[in-house]
file work.cif (mmCIF, C-alpha atoms)
data_entry
#
loop_
_atom_site.label_atom_id
_atom_site.label_comp_id
_atom_site.auth_asym_id
_atom_site.auth_seq_id
_atom_site.Cartn_x
_atom_site.Cartn_y
_atom_site.Cartn_z
CA MET T 165 -235.14 10.68 24.17
CA ASN T 166 -231.83 9.40 22.88
CA THR T 167 -229.45 7.94 25.47
CA LYS T 168 -226.74 10.31 24.23
CA PHE T 169 -228.81 13.32 25.25
CA GLU T 170 -229.80 11.63 28.51
CA GLN T 171 -226.09 11.32 29.34
CA TRP T 172 -225.53 15.00 28.55
CA SER T 173 -228.54 15.91 30.67
CA ALA T 174 -227.04 13.90 33.54
CA HIS T 175 -223.88 16.05 33.34
CA ALA T 176 -225.93 19.24 33.63
CA ARG T 177 -225.83 20.76 37.09
CA THR T 178 -229.05 22.79 36.97
CA PRO T 179 -232.62 21.80 36.10
CA GLU T 180 -232.82 24.67 33.62
CA THR T 181 -229.88 23.30 31.65
CA ARG T 182 -231.34 19.77 31.67
CA THR T 183 -234.66 21.12 30.39
CA ARG T 184 -232.91 23.16 27.72
CA ILE T 185 -230.89 20.14 26.51
CA ARG T 186 -234.02 17.99 26.30
CA ARG T 187 -236.00 20.70 24.50
CA LEU T 188 -233.23 21.32 21.98
CA ALA T 189 -232.85 17.55 21.42
CA VAL T 190 -236.54 17.37 20.49
CA PHE T 191 -236.16 20.38 18.17
CA GLU T 192 -233.06 18.77 16.63
CA ARG T 193 -235.08 15.67 15.72
CA ILE T 194 -237.97 17.71 14.33
CA PHE T 195 -235.70 19.92 12.24
CA HIS T 196 -233.76 16.87 11.05
CA VAL T 197 -236.95 15.37 9.63
CA LEU T 198 -237.98 18.73 8.14
CA GLY T 199 -234.51 19.10 6.62
CA VAL T 200 -234.74 15.71 4.93
CA VAL T 201 -238.21 16.58 3.61
CA GLY T 202 -236.88 19.96 2.44
CA VAL T 203 -233.94 18.40 0.59
CA CYS T 204 -236.33 15.99 -1.12
CA ALA T 205 -238.62 18.92 -2.02
CA PHE T 206 -235.59 20.79 -3.37
CA VAL T 207 -234.71 17.89 -5.67
CA VAL T 208 -238.31 17.67 -6.94
CA MET T 209 -238.50 21.44 -7.40
CA LEU T 210 -235.19 21.40 -9.23
CA ALA T 211 -236.50 18.82 -11.68
CA ILE T 212 -239.70 20.82 -12.18
CA SER T 213 -237.73 24.06 -12.64
CA TRP T 214 -235.49 22.39 -15.17
CA TYR T 215 -238.55 21.12 -17.08
CA ILE T 216 -240.18 24.59 -17.01
CA THR T 217 -236.94 26.19 -18.19
CA ILE T 218 -236.64 23.78 -21.11
CA SER T 219 -240.25 24.46 -22.11
CA GLY T 220 -239.36 28.16 -22.38
CA GLU T 221 -241.80 29.55 -19.82
CA SER T 222 -239.40 29.90 -16.90
CA PRO T 223 -239.87 32.94 -14.64
CA TRP T 224 -236.61 34.52 -13.51
CA TRP T 225 -237.25 33.81 -9.80
CA ILE T 226 -237.85 30.07 -9.99
CA TRP T 227 -234.22 29.13 -9.28
CA PHE T 228 -234.12 31.46 -6.26
CA LEU T 229 -237.28 29.78 -4.96
CA ASP T 230 -235.57 26.37 -5.21
CA ILE T 231 -232.54 27.54 -3.27
CA GLY T 232 -234.76 29.33 -0.74
CA VAL T 233 -236.66 26.11 0.00
CA LEU T 234 -233.38 24.27 0.53
CA LEU T 235 -231.94 26.92 2.85
CA ALA T 236 -235.20 27.33 4.78
CA SER T 237 -235.32 23.60 5.42
CA ILE T 238 -231.73 23.02 6.57
CA PHE T 239 -230.88 26.30 8.33
CA PRO T 240 -233.00 25.60 11.47
CA TYR T 241 -231.38 22.18 11.84
CA PHE T 242 -227.83 23.53 11.88
CA LEU T 243 -228.82 26.43 14.13
CA THR T 244 -230.39 23.97 16.59
CA LEU T 245 -227.28 21.76 16.51
CA ALA T 246 -225.07 24.72 17.41
CA ARG T 247 -227.37 25.76 20.25
CA LEU T 248 -227.59 22.17 21.50
CA GLU T 249 -223.80 21.85 21.66
CA THR T 250 -223.58 25.10 23.60
CA ALA T 251 -226.30 23.90 26.00
CA MET T 252 -224.56 20.57 26.57
CA TYR T 253 -221.49 22.40 27.92
CA ALA T 254 -223.32 25.29 29.64
CA ASP T 255 -222.62 23.94 33.14
CA GLY T 256 -219.16 22.65 32.26
CA GLU T 257 -215.85 23.89 33.53
CA GLU T 258 -213.47 25.98 31.48
CA SER T 259 -209.83 24.92 31.36
CA VAL T 260 -206.66 25.91 29.58
CA GLY T 261 -204.43 23.14 28.32
CA THR T 262 -201.37 22.56 26.19
CA ILE T 263 -201.35 20.80 22.83
CA THR T 264 -199.31 17.62 23.15
CA SER T 265 -199.74 16.19 19.64
CA VAL T 266 -200.92 17.39 16.24
CA VAL T 267 -201.99 15.06 13.41
CA ILE T 268 -203.48 16.03 10.06
CA ASP T 269 -206.98 14.53 9.91
CA PRO T 270 -206.81 11.81 7.21
CA ARG T 271 -210.54 12.15 6.53
CA LYS T 272 -210.04 15.75 5.39
CA ALA T 273 -206.59 15.66 3.85
CA SER T 274 -207.27 18.03 0.94
CA ASP T 275 -205.13 21.13 0.48
CA SER T 276 -208.05 23.56 0.64
CA GLU T 277 -209.67 22.23 3.82
CA ALA T 278 -207.02 20.90 6.14
CA SER T 279 -208.20 19.75 9.54
CA TYR T 280 -205.94 18.88 12.44
CA ASP T 281 -206.60 16.39 15.24
CA ILE T 282 -205.04 17.67 18.43
CA ALA T 283 -204.46 16.11 21.84
CA ILE T 284 -204.66 18.48 24.80
CA THR T 285 -203.40 18.01 28.34
CA ALA T 286 -204.52 20.33 31.12
CA GLU T 287 -203.89 20.52 34.83
CA HIS T 288 -207.07 20.55 36.90
CA ALA T 289 -207.10 21.53 40.57
CA GLN T 290 -209.34 18.66 41.73
CA ALA T 291 -208.79 16.00 39.05
CA GLY T 292 -205.08 16.34 38.36
CA ARG T 293 -204.08 15.95 34.71
CA ILE T 294 -206.93 15.65 32.18
CA ARG T 295 -206.59 14.78 28.50
CA ARG T 296 -208.92 15.68 25.63
CA ARG T 297 -208.95 15.35 21.82
CA THR T 298 -210.62 17.54 19.20
CA SER T 299 -210.26 18.77 15.61
CA VAL T 300 -209.42 22.31 14.58
CA ALA T 301 -209.16 24.04 11.22
CA THR T 302 -206.36 26.44 12.21
CA LYS T 303 -202.88 24.97 12.02
CA PRO T 304 -201.70 24.42 15.61
CA ARG T 305 -198.25 23.73 17.01
CA ARG T 306 -197.24 21.52 19.88
CA GLY T 307 -197.05 23.61 23.01
CA ASP T 308 -199.78 26.07 22.00
CA ARG T 309 -202.25 26.89 24.78
CA VAL T 310 -205.92 26.06 24.13
CA ARG T 311 -209.05 27.11 26.04
CA PHE T 312 -211.88 24.55 26.19
CA ARG T 313 -214.94 23.51 28.18
CA HIS T 314 -215.58 20.05 29.66
CA ASN T 315 -218.28 18.46 31.78
CA THR T 316 -216.41 15.66 33.52
CA ARG T 317 -213.21 15.57 35.51
CA ARG T 318 -212.29 12.06 34.39
CA PRO T 319 -208.67 12.14 33.19
CA ASP T 320 -209.18 10.15 29.99
CA ASP T 321 -212.66 11.21 28.84
CA LEU T 322 -211.14 12.23 25.50
CA HIS T 323 -214.30 13.38 23.72
CA ASP T 324 -215.73 15.52 26.50
CA ILE T 325 -214.60 18.83 25.00
CA LEU T 326 -216.04 22.01 23.55
CA TYR T 327 -213.16 23.80 21.83
CA ILE T 328 -213.20 27.54 22.49
CA GLY T 329 -209.95 28.74 20.95
CA PHE T 330 -206.27 29.37 21.25
CA GLU T 331 -205.02 31.45 24.16
CA ASP T 332 -202.82 33.43 21.78
CA ASN T 333 -205.41 35.20 19.63
CA ASP T 334 -202.86 36.06 16.92
CA PRO T 335 -203.06 33.30 14.25
CA GLU T 336 -200.06 34.82 12.44
CA ALA T 337 -197.88 34.06 15.45
CA ARG T 338 -198.66 30.35 15.10
CA SER T 339 -197.81 30.04 11.39
#

call {"tool": "encode", "arguments": {"input": "work.cif", "output": "structure tokens"}}
result
Amino acid sequence: MNTKFEQWSAHARTPETRTRIRRLAVFERIFHVLGVVGVCAFVVMLAISWYITISGESPWWIWFLDIGVLLASIFPYFLTLARLETAMYADGEESVGTITSVVIDPRKASDSEASYDIAITAEHAQAGRIRRRTSVATKPRRGDRVRFRHNTRRPDDLHDILYIGFEDNDPEARS
């Protein structure tokens, strides 16, 4: 198994969670390979469908079959990724922190899909002040309260975060 998933398994507090992380990591690899094969099959089927359409004998459902193959091959992969991320933080602690900085993500700086990198600081009863970083699609403001999950209590383990949401559930109040 990948060392990344071994580290997440080490953070798990129960044997059931460790087993679930390992099982989902295996499924993630299997579905990744199947997804790559499915995308390749989609490209081949697209070329064949295009050739059949040009020859004039194209059934109406052939394009839906192509898209169905693509979706059937990549959907399990993304579903497994989402379940794996949830499993990795299943035994984690939930905290509420305050946004200390907001930066527009330069990798996604288009007008239609803005993403914001935020830094969060939270007070923890045993660890003192902990800091985390994550990206969000909703425009945040400094001082907004954010709920998140984390596995470690190390103060500067910046990427140990599963973003849950803003404490104020009204997005209109933030804009």

call {"tool": "residues_around", "arguments": {"input": "work.cif", "residues": "Ala174 of chain T", "least_positions_apart": "3", "cutoff": "12 Å", "atoms": "all atoms listed in the file", "output": "MDAnalysis selection string"}}
result
chainID T and resid 167:171 177:179 181:183 185:186 252:253 255:256 315:316

call {"tool": "atom_distance", "arguments": {"input": "work.cif", "atom1": "atom CA of Ile294 of chain T", "atom2": "atom CA of Glu257 of chain T"}}
result
12.2 Å

call {"tool": "residues_around", "arguments": {"input": "work.cif", "residues": "segment 189-199 of chain T", "least_positions_apart": "4", "cutoff": "6 Å", "atoms": "all atoms listed in the file", "output": "PyMOL selection string"}}
result
chain T and resi 237-238+241+244

call {"tool": "closest_residue", "arguments": {"input": "work.cif", "among": "T:Arg305, T:Leu229, T:Ala278, T:Thr250", "to": "Ser265 of chain T", "atoms": "all atoms listed in the file"}}
result
T:Arg305

call {"tool": "resolve_selection", "arguments": {"input": "work.cif", "expression": "the PyMOL selection byres ((chain T and resi 206) around 9)", "output": "mmCIF file with C-alpha atoms, in the frame of the given file"}}
result
data_model
loop_
_atom_site.group_PDB
_atom_site.id
_atom_site.type_symbol
_atom_site.label_atom_id
_atom_site.label_comp_id
_atom_site.auth_asym_id
_atom_site.auth_seq_id
_atom_site.Cartn_x
_atom_site.Cartn_y
_atom_site.Cartn_z
ATOM 1 C CA VAL T 201 -238.210 16.580 3.610
ATOM 2 C CA GLY T 202 -236.880 19.960 2.440
ATOM 3 C CA VAL T 203 -233.940 18.400 0.590
ATOM 4 C CA CYS T 204 -236.330 15.990 -1.120
ATOM 5 C CA ALA T 205 -238.620 18.920 -2.020
ATOM 6 C CA VAL T 207 -234.710 17.890 -5.670
ATOM 7 C CA VAL T 208 -238.310 17.670 -6.940
ATOM 8 C CA MET T 209 -238.500 21.440 -7.400
ATOM 9 C CA LEU T 210 -235.190 21.400 -9.230
ATOM 10 C CA ALA T 211 -236.500 18.820 -11.680
ATOM 11 C CA ASP T 230 -235.570 26.370 -5.210
ATOM 12 C CA ILE T 231 -232.540 27.540 -3.270
ATOM 13 C CA GLY T 232 -234.760 29.330 -0.740
ATOM 14 C CA VAL T 233 -236.660 26.110 0.000
ATOM 15 C CA LEU T 234 -233.380 24.270 0.530
#

call {"tool": "residues_near_point", "arguments": {"input": "work.cif", "point": "(-212.2, 9.1, 33.4)", "cutoff": "12 Å", "atoms": "all atoms listed in the file", "output": "list of chain:residue names"}}
result
T:Ala291, T:Gly292, T:Arg293, T:Ile294, T:Arg295, T:Arg296, T:Asn315, T:Thr316, T:Arg317, T:Arg318, T:Pro319, T:Asp320, T:Asp321, T:Leu322, T:His323, T:Asp324

call {"tool": "residues_near_point", "arguments": {"input": "work.cif", "point": "(-206.1, 16.2, 21.9)", "cutoff": "10 Å", "atoms": "all atoms listed in the file", "output": "PyMOL selection string"}}
result
chain T and resi 261-267+280-285+295-299+322-323+325

call {"tool": "atom_distance", "arguments": {"input": "work.cif", "atom1": "atom CA of Phe242 of chain T", "atom2": "atom CA of Trp214 of chain T"}}
result
28.1 Å

call {"tool": "axis_aligned_box", "arguments": {"input": "work.cif", "around": "segment 309-328 of chain T", "padding_each_side": "3 Å", "output": "lines of an AutoDock Vina configuration file"}}
result
center_x = -210.3
center_y = 18.8
center_z = 28.7
size_x = 22.0
size_y = 23.4
size_z = 19.7

call {"tool": "atom_distance", "arguments": {"input": "work.cif", "atom1": "atom CA of Leu248 of chain T", "atom2": "atom CA of Ile328 of chain T"}}
result
15.4 Å

call {"tool": "closest_residue", "arguments": {"input": "work.cif", "among": "T:Ser279, T:Pro223, T:Glu287, T:Ala176", "to": "Thr302 of chain T", "atoms": "all atoms listed in the file"}}
result
T:Ser279

call {"tool": "residues_around", "arguments": {"input": "work.cif", "residues": "Gly329 of chain T", "least_positions_apart": "4", "cutoff": "9 Å", "atoms": "all atoms listed in the file", "output": "number ranges by chain"}}
result
T: 309-312, 333
